[in-house]
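Peer 1: Here it is: the structure, laid out below.
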Amino acid sequence: MNTPPLRYLRRSLAPLLVVLALVAGACGGDAESSSSDDTAESITLYSGRDEELVQPLLDAFTEATGIEVEPRYADSAELALLIQTEGDNSPADVFISQSPGALGLLAGEDRLAPLPDDLVGLVDAGFAASDGTWVGLSGRVRVVVYNADLVDASDLPSSVLELTGADYAGRVAVAPTNGSFQDFVTAMRSELGDEATLAWLEGLAANGAPNYPKNSAIVEAVGRGEVEMGLVNHYYNLRALEADPSVASVNHFLPAGDVGSLVIVTGGAVLASSDAGSAGEELLRFLLSEEAQGSFSSETQEYPLLPGVDAPAGLPALSGYAADTIDYDLLGDGLAGTIELIRESGIEQ
């Protein structure tokens, strides 16, 4: 459940290859013109996104530009720590993170190079670093997924803060070690302060909130009726429904003004230590092309961040949530403190 089936990814690659000429133009020209003096013939990518999603896009990028990409796939937080350890000797030219916390962490240590204004400007201001060091590539909204056979819609919360109440004891699953949950908690700290956030986490712990390792495991458990509800990113349940339309799990979107409806983005950055010229920026431009953005929407059911590209059918408009997202730079600054706060709360089982 954590990655889309390969048959869908092969299907998405075909239209990308058909329009390579158009994409090459968006990336700054054809393969010959891309191999300019200040553009490397190959780049190294550290990717916190899974190979099944990213590799077809990398293949299409290479076909369009002639720039080879050597990827390394791992957890986003692990890759951020690796970049910290490698320092100026890191072989990475580009870093794609599943969530903004790892990017903010590296930006705070001056490990990321400022991106051109016209590249950052491809997305709305709320979906890129305010200092221009990284740009969003796709978005997910935090939701409460629930089993419609076990939970009446009238019993669903109108705020994530209600989940510490006695009525929800033992009913709401969480993934405390997951990056998206940690980014969400960091956002809560920014909005409500550490004291209120710790109290909320302790309330969930006191309620015996079941623990799972990741979002997909929560959605599967909810679909089986193993647990009634869970806190996840929206697209995991859309994938579950695509695989089995009869599954009983349903997404409940909280009001846009609630801290529980945080928009979390996948982001990309060029390392300050990279000597690959403009090649890293070209890759990010490609991932923000209409074709690549359409692939994110159709294959992973995420929100595309390039204006004008349709979101998956049936989702609320992202514009309704954009005004209420926080400055993502704060996520990186508080990531280490968030992990400590989660541990202190006792929510991890």
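All residue names refer to the structure tokens as shown: chains lettered A, B, ... in order, residues numbered from 1 in each chain, ligands numbered from 1 in order.
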Skipping near chain neighbours, those fewer than 4 positions away, what residues fall within 9 Å of range 75-91 of chain A using only C-alpha atoms, listed as an MDAnalysis selection string?
Peer 2: chainID A and resid 43:50 95:99 101:103 105:106 109 111 179 271:274
Peer 1: Among range 62-253 of chain A, which ones does DSSP place in helix (DSSP H, G or I), written as a PyMOL selection string?
Peer 2: chain A and resi 62-65+76-89+100-107+117-120+125-127+153-155+160-164+166-168+179-192+194-206+215-224+234-243
Peer 1: How about saving the chosen residues, C-alpha atoms kept, as a PDB file, in the first residue's frame?
Peer 2:
```pdb
ATOM      1  CA  THR A  62      16.975  11.791 -18.922  1.00  0.00           C
ATOM      2  CA  GLU A  63      15.261  11.081 -22.238  1.00  0.00           C
ATOM      3  CA  ALA A  64      14.217  14.729 -22.497  1.00  0.00           C
ATOM      4  CA  THR A  65      17.479  16.370 -21.471  1.00  0.00           C
ATOM      5  CA  SER A  76      13.945  11.220   4.047  1.00  0.00           C
ATOM      6  CA  ALA A  77      15.193  11.704   7.603  1.00  0.00           C
ATOM      7  CA  GLU A  78      17.980   9.161   7.074  1.00  0.00           C
ATOM      8  CA  LEU A  79      19.100  10.958   3.930  1.00  0.00           C
ATOM      9  CA  ALA A  80      19.068  14.342   5.677  1.00  0.00           C
ATOM     10  CA  LEU A  81      21.264  12.939   8.432  1.00  0.00           C
ATOM     11  CA  LEU A  82      23.554  11.422   5.799  1.00  0.00           C
ATOM     12  CA  ILE A  83      23.914  14.800   4.090  1.00  0.00           C
ATOM     13  CA  GLN A  84      24.742  16.333   7.474  1.00  0.00           C
ATOM     14  CA  THR A  85      27.454  13.706   8.014  1.00  0.00           C
ATOM     15  CA  GLU A  86      28.888  14.012   4.515  1.00  0.00           C
ATOM     16  CA  GLY A  87      28.989  17.800   4.713  1.00  0.00           C
ATOM     17  CA  ASP A  88      30.646  19.555   1.788  1.00  0.00           C
ATOM     18  CA  ASN A  89      31.840  16.185   0.488  1.00  0.00           C
ATOM     19  CA  PRO A 100       9.441  19.449   4.643  1.00  0.00           C
ATOM     20  CA  GLY A 101      10.958  18.820   8.055  1.00  0.00           C
ATOM     21  CA  ALA A 102      14.162  17.301   6.663  1.00  0.00           C
ATOM     22  CA  LEU A 103      14.494  20.124   4.131  1.00  0.00           C
ATOM     23  CA  GLY A 104      14.052  22.780   6.791  1.00  0.00           C
ATOM     24  CA  LEU A 105      16.663  21.071   8.921  1.00  0.00           C
ATOM     25  CA  LEU A 106      19.240  21.235   6.112  1.00  0.00           C
ATOM     26  CA  ALA A 107      18.264  24.783   5.162  1.00  0.00           C
ATOM     27  CA  ASP A 117      12.933  33.059  -8.314  1.00  0.00           C
ATOM     28  CA  ASP A 118      11.219  31.856 -11.475  1.00  0.00           C
ATOM     29  CA  LEU A 119      11.574  28.230 -10.335  1.00  0.00           C
ATOM     30  CA  VAL A 120      10.260  28.854  -6.817  1.00  0.00           C
ATOM     31  CA  ALA A 125       4.197  31.017  -1.890  1.00  0.00           C
ATOM     32  CA  GLY A 126       2.868  28.763   0.870  1.00  0.00           C
ATOM     33  CA  PHE A 127       4.384  25.700  -0.799  1.00  0.00           C
ATOM     34  CA  ALA A 153     -20.432  10.280  10.480  1.00  0.00           C
ATOM     35  CA  SER A 154     -22.092  12.268  13.265  1.00  0.00           C
ATOM     36  CA  ASP A 155     -19.457  10.979  15.709  1.00  0.00           C
ATOM     37  CA  VAL A 160      -8.174  17.177  15.739  1.00  0.00           C
ATOM     38  CA  LEU A 161      -8.013  18.563  19.276  1.00  0.00           C
ATOM     39  CA  GLU A 162     -11.210  16.659  20.158  1.00  0.00           C
ATOM     40  CA  LEU A 163      -9.472  13.305  19.783  1.00  0.00           C
ATOM     41  CA  THR A 164      -8.137  13.396  23.351  1.00  0.00           C
ATOM     42  CA  ALA A 166     -12.950  10.092  26.480  1.00  0.00           C
ATOM     43  CA  ASP A 167     -15.281   9.280  23.567  1.00  0.00           C
ATOM     44  CA  TYR A 168     -12.256   8.515  21.396  1.00  0.00           C
ATOM     45  CA  GLY A 179       7.766  11.836   9.279  1.00  0.00           C
ATOM     46  CA  SER A 180       4.339  13.192   8.351  1.00  0.00           C
ATOM     47  CA  PHE A 181       3.075  12.821  11.906  1.00  0.00           C
ATOM     48  CA  GLN A 182       6.200  14.539  13.204  1.00  0.00           C
ATOM     49  CA  ASP A 183       5.792  17.432  10.769  1.00  0.00           C
ATOM     50  CA  PHE A 184       2.171  17.749  11.865  1.00  0.00           C
ATOM     51  CA  VAL A 185       3.196  17.856  15.528  1.00  0.00           C
ATOM     52  CA  THR A 186       5.817  20.492  14.717  1.00  0.00           C
ATOM     53  CA  ALA A 187       3.119  22.566  13.045  1.00  0.00           C
ATOM     54  CA  MET A 188       0.960  22.201  16.142  1.00  0.00           C
ATOM     55  CA  ARG A 189       3.852  23.410  18.275  1.00  0.00           C
ATOM     56  CA  SER A 190       4.160  26.444  16.015  1.00  0.00           C
ATOM     57  CA  GLU A 191       0.445  27.176  16.190  1.00  0.00           C
ATOM     58  CA  LEU A 192      -0.393  26.256  19.786  1.00  0.00           C
ATOM     59  CA  ASP A 194       4.802  23.291  23.273  1.00  0.00           C
ATOM     60  CA  GLU A 195       2.671  23.110  26.399  1.00  0.00           C
ATOM     61  CA  ALA A 196      -0.611  22.658  24.536  1.00  0.00           C
ATOM     62  CA  THR A 197       0.952  20.247  22.063  1.00  0.00           C
ATOM     63  CA  LEU A 198       2.444  18.092  24.808  1.00  0.00           C
ATOM     64  CA  ALA A 199      -0.927  18.044  26.563  1.00  0.00           C
ATOM     65  CA  TRP A 200      -2.577  16.859  23.326  1.00  0.00           C
ATOM     66  CA  LEU A 201      -0.002  14.118  22.822  1.00  0.00           C
ATOM     67  CA  GLU A 202      -0.329  13.038  26.448  1.00  0.00           C
ATOM     68  CA  GLY A 203      -4.097  12.956  26.006  1.00  0.00           C
ATOM     69  CA  LEU A 204      -3.771  10.564  23.083  1.00  0.00           C
ATOM     70  CA  ALA A 205      -1.317   8.469  25.089  1.00  0.00           C
ATOM     71  CA  ALA A 206      -3.733   8.339  28.026  1.00  0.00           C
ATOM     72  CA  ASN A 215       0.170   5.762   7.268  1.00  0.00           C
ATOM     73  CA  SER A 216      -0.520   2.817   4.977  1.00  0.00           C
ATOM     74  CA  ALA A 217      -0.555   0.402   7.923  1.00  0.00           C
ATOM     75  CA  ILE A 218      -3.148   2.585   9.670  1.00  0.00           C
ATOM     76  CA  VAL A 219      -5.382   2.676   6.588  1.00  0.00           C
ATOM     77  CA  GLU A 220      -5.157  -1.096   6.228  1.00  0.00           C
ATOM     78  CA  ALA A 221      -6.032  -1.586   9.907  1.00  0.00           C
ATOM     79  CA  VAL A 222      -9.006   0.764   9.627  1.00  0.00           C
ATOM     80  CA  GLY A 223     -10.207  -1.043   6.504  1.00  0.00           C
ATOM     81  CA  ARG A 224     -10.042  -4.375   8.345  1.00  0.00           C
ATOM     82  CA  HIS A 234      -5.325  11.741   2.467  1.00  0.00           C
ATOM     83  CA  TYR A 235      -3.882   9.814  -0.455  1.00  0.00           C
ATOM     84  CA  TYR A 236      -3.280   6.532   1.359  1.00  0.00           C
ATOM     85  CA  ASN A 237      -6.982   5.796   1.563  1.00  0.00           C
ATOM     86  CA  LEU A 238      -7.516   6.837  -2.061  1.00  0.00           C
ATOM     87  CA  ARG A 239      -4.977   4.193  -3.030  1.00  0.00           C
ATOM     88  CA  ALA A 240      -6.732   1.635  -0.833  1.00  0.00           C
ATOM     89  CA  LEU A 241     -10.038   2.380  -2.549  1.00  0.00           C
ATOM     90  CA  GLU A 242      -8.413   2.121  -5.983  1.00  0.00           C
ATOM     91  CA  ALA A 243      -7.108  -1.338  -5.090  1.00  0.00           C
TER      92      ALA A 243
END
```
Peer 1: I'd like the neighbourhood of Val151 in chain A as a ChimeraX atom specification, where a residue qualifies if any of its atoms comes within 9 Å (using only C-alpha atoms), though same-chain residues fewer than 4 positions away should be ignored.
Peer 2: /A:146-147,155-156,228-229
Peer 1: Quick one: everything within 9 Å of Glu302 in chain A, counting only C-alpha atoms, minus sequence neighbours fewer than 6 positions away in the same chain. Send it as number ranges by chain.
Peer 2: A: 138-141, 234-235, 296, 311-312
Peer 1: Which is closer to Val143 in chain A than all the others in A:Leu315, A:Leu305, A:Leu283, A:Val54, using only C-alpha atoms?
Peer 2: A:Leu315
